[in-house]
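Q: Take this structure first; my questions come after.
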Amino acid sequence: MLPVLGVLFFVVLPGCSPYRPPPATPPLIEARGAVRVVREPSAPARVHVVLRAGSAYDPPSREGLAYVVATAVASASGAALSVGPELVQLSVAPEGVSALAAALAAPLTAEAFAAGKADAAARFGVNECAAVASALGDAWILAGHPYGHAVFGRSSVIPTLSLAEGESFRLQRYARDAAVIAVDGEVNVTSLLGLFTPSLSSSVTPAVRSKVAMEDLVVVAPVTASCSVVGPRRPEAWSAADQAAASVAAELVGAPPPPARVDPFVTLTLPGAEAALSPLLEGDFEAARERVRARVSVPSALPAAADILLVPIRMGHAIRASDLASAVNALTDEAFDAWVLTTFGEGAVRVAVFPDTATASTVESTATRHVLTSEALFR
């Protein structure tokens, strides 16, 4: 495991003064004693606090605590929030830095914690095919794994979470050893300096407790419209080239881009399992790749900060933003077609989502085993 990563990252626009021009090839990361400077211009200015405090760090049988704590901090600060299996990202405009600093420094309030629990509980009422299928697919395939539950927790656990548990989690995970402050543009972040606690438990993501073989799966979930979600079987080694192809595939079918994370399970929303290959092989590859290229090539401090925090994960690897951008640039139409035919071939994982009113014959026509309900997995 790498040494402690408790440093602050700043993004500074290249020097604009005619008297002090920037070097021709400035280093991406420049060490300045205890502070590292990440040079990456971006507009408009934005401040991000990135923490290694995602749902994989939920204590056993307390699934949802990480999400509730992050939501409580965001609600108290007005920050935009993103919670994943590993990372929590809080983002504000320059004028919001002081409010974010105050929310991070203060103990959780009962009101903010209650708001976090209400938000987590509301997630179980989402009737959107892709969101339900993605959460259920991860829960089934990664059972026994730290990623084996929805980011927002379990429905039976959320009501039992206490404010004391939340404050204990905040003090342990919102710490200097697991925090990066990334700044796009010239922003004063003095109020954030020295904000986090100086140490953190040495534990990283909990070790994998068990692995579940990947097989065909049909999920009957309480959604209001019928759809199918197809997820390819993950190769033994998931490379930047796989991530690039999966990103283009998601773009072609209008699915959310796959997360660059350990043990990825890519889900693509399709009109029906029987039509899985058509939009991928017959769609406009060049246009889809250009949209992905534009998205992954945008300069920002956030990818660099996330890459650094993900380095010490011991059970796999995440795709670096720079490697993904290079792989998207190198991806050809022929290579993409070959990836689709291999990844979505016989034995690929398929998760089909139907409304509650689906008849037995509908389910049986899609698959004959592993019929699960969302409640069974979310509990």
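Here's how to read the names in the structure tokens: chain A, B, ... by the order shown, residue numbers from 1 in each chain, ligand numbers from 1 in the order shown.
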Which residues are close to A:Ala106, i.e. within 10 Å by only C-alpha atoms, leaving aside same-chain residues fewer than 3 positions away? Reply as a JSON list (two decimals) with N, CA and C atoms, in the first residue's frame.
A:
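Just written: around.json:
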```json
[["chain", "number", "residue", "atom", "x", "y", "z"],
["A", 73, "VAL", "N", -23.91, 16.30, 4.86],
["A", 73, "VAL", "CA", -22.91, 17.36, 4.68],
["A", 73, "VAL", "C", -23.28, 18.23, 3.49],
["A", 76, "ALA", "N", -26.16, 20.60, 4.26],
["A", 76, "ALA", "CA", -25.77, 21.70, 5.15],
["A", 76, "ALA", "C", -24.93, 22.75, 4.44],
["A", 101, "ALA", "N", -16.71, 24.75, 3.81],
["A", 101, "ALA", "CA", -15.73, 24.60, 4.89],
["A", 101, "ALA", "C", -16.43, 24.52, 6.24],
["A", 102, "ALA", "N", -17.45, 25.35, 6.44],
["A", 102, "ALA", "CA", -18.17, 25.34, 7.72],
["A", 102, "ALA", "C", -18.90, 24.02, 7.91],
["A", 103, "ALA", "N", -19.51, 23.48, 6.86],
["A", 103, "ALA", "CA", -20.25, 22.22, 6.98],
["A", 103, "ALA", "C", -19.31, 21.06, 7.25],
["A", 109, "THR", "N", -25.69, 17.74, 12.28],
["A", 109, "THR", "CA", -26.87, 18.12, 13.06],
["A", 109, "THR", "C", -27.96, 17.07, 12.87],
["A", 167, "GLU", "N", -21.88, 10.59, 13.05],
["A", 167, "GLU", "CA", -20.78, 11.45, 13.48],
["A", 167, "GLU", "C", -19.49, 10.66, 13.63]]
```
Q: Which neighbours of A:Glu86 fall inside 6 Å, counting only C-alpha atoms, when residues of the same chain fewer than 2 positions from it are skipped, and could you give them as a PDB file with N, CA and C atoms, in the first residue's frame?
A:
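Final output, result-v4.pdb:
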```
ATOM      1  N   ARG A  52     -12.277   9.613   0.220  1.00  0.00           N
ATOM      2  CA  ARG A  52     -12.389   8.163   0.097  1.00  0.00           C
ATOM      3  C   ARG A  52     -13.344   7.700   1.191  1.00  0.00           C
ATOM      4  N   GLY A  54     -16.853   6.383   0.296  1.00  0.00           N
ATOM      5  CA  GLY A  54     -18.033   5.904  -0.382  1.00  0.00           C
ATOM      6  C   GLY A  54     -18.667   4.703   0.287  1.00  0.00           C
ATOM      7  N   ALA A  56     -18.520   1.553  -0.080  1.00  0.00           N
ATOM      8  CA  ALA A  56     -17.731   0.363   0.250  1.00  0.00           C
ATOM      9  C   ALA A  56     -17.213   0.416   1.686  1.00  0.00           C
ATOM     10  N   GLY A  84     -20.152   7.416  -4.748  1.00  0.00           N
ATOM     11  CA  GLY A  84     -19.900   6.166  -5.449  1.00  0.00           C
ATOM     12  C   GLY A  84     -19.445   5.102  -4.481  1.00  0.00           C
TER      13      GLY A  84
END
```
Q: A:Ala150, A:Ala66, A:Leu193, A:Glu186: which is nearest A:Ser98, counting only C-alpha atoms?
A: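 Under the stated criterion, the closest residue is A:Leu193.
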Q: Restricting the calculation to only C-alpha atoms: of A:Ala72, A:Leu195, A:Asp242, A:Pro259, which residue gets closest to A:Gly166?
A: A:Ala72
Q: Which residues come within 9 Å of A:Phe124, counting only C-alpha atoms, excluding same-chain residues fewer than 5 positions away, as number ranges by chain?
A: A: 132, 152, 154-155, 378
Q: Point out the residue among A:Leu100, A:Val298, A:Ala250, A:Leu51 with the least atom-to-atom distance to A:Arg176, counting only C-alpha atoms.
A: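 Closest residue, counting only C-alpha atoms: A:Leu51.
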Q: Could you give me, as a list in words, the residues within 7 Å of A:Gly148, counting only C-alpha atoms and dropping anything in the same chain fewer than 3 positions from it?
A: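 Result of the neighbour search: Asp138, Ala139, Leu142, Ala143, Gly144 and His145 of chain A.
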Q: Of the candidates A:Asp184, A:Glu63, A:Glu251, A:Glu95, which shows the shortest atom-to-atom distance to A:Val47, using only C-alpha atoms?
A: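 Ranking A:Asp184, A:Glu63, A:Glu251, A:Glu95 by distance to A:Val47, first place goes to A:Asp184.
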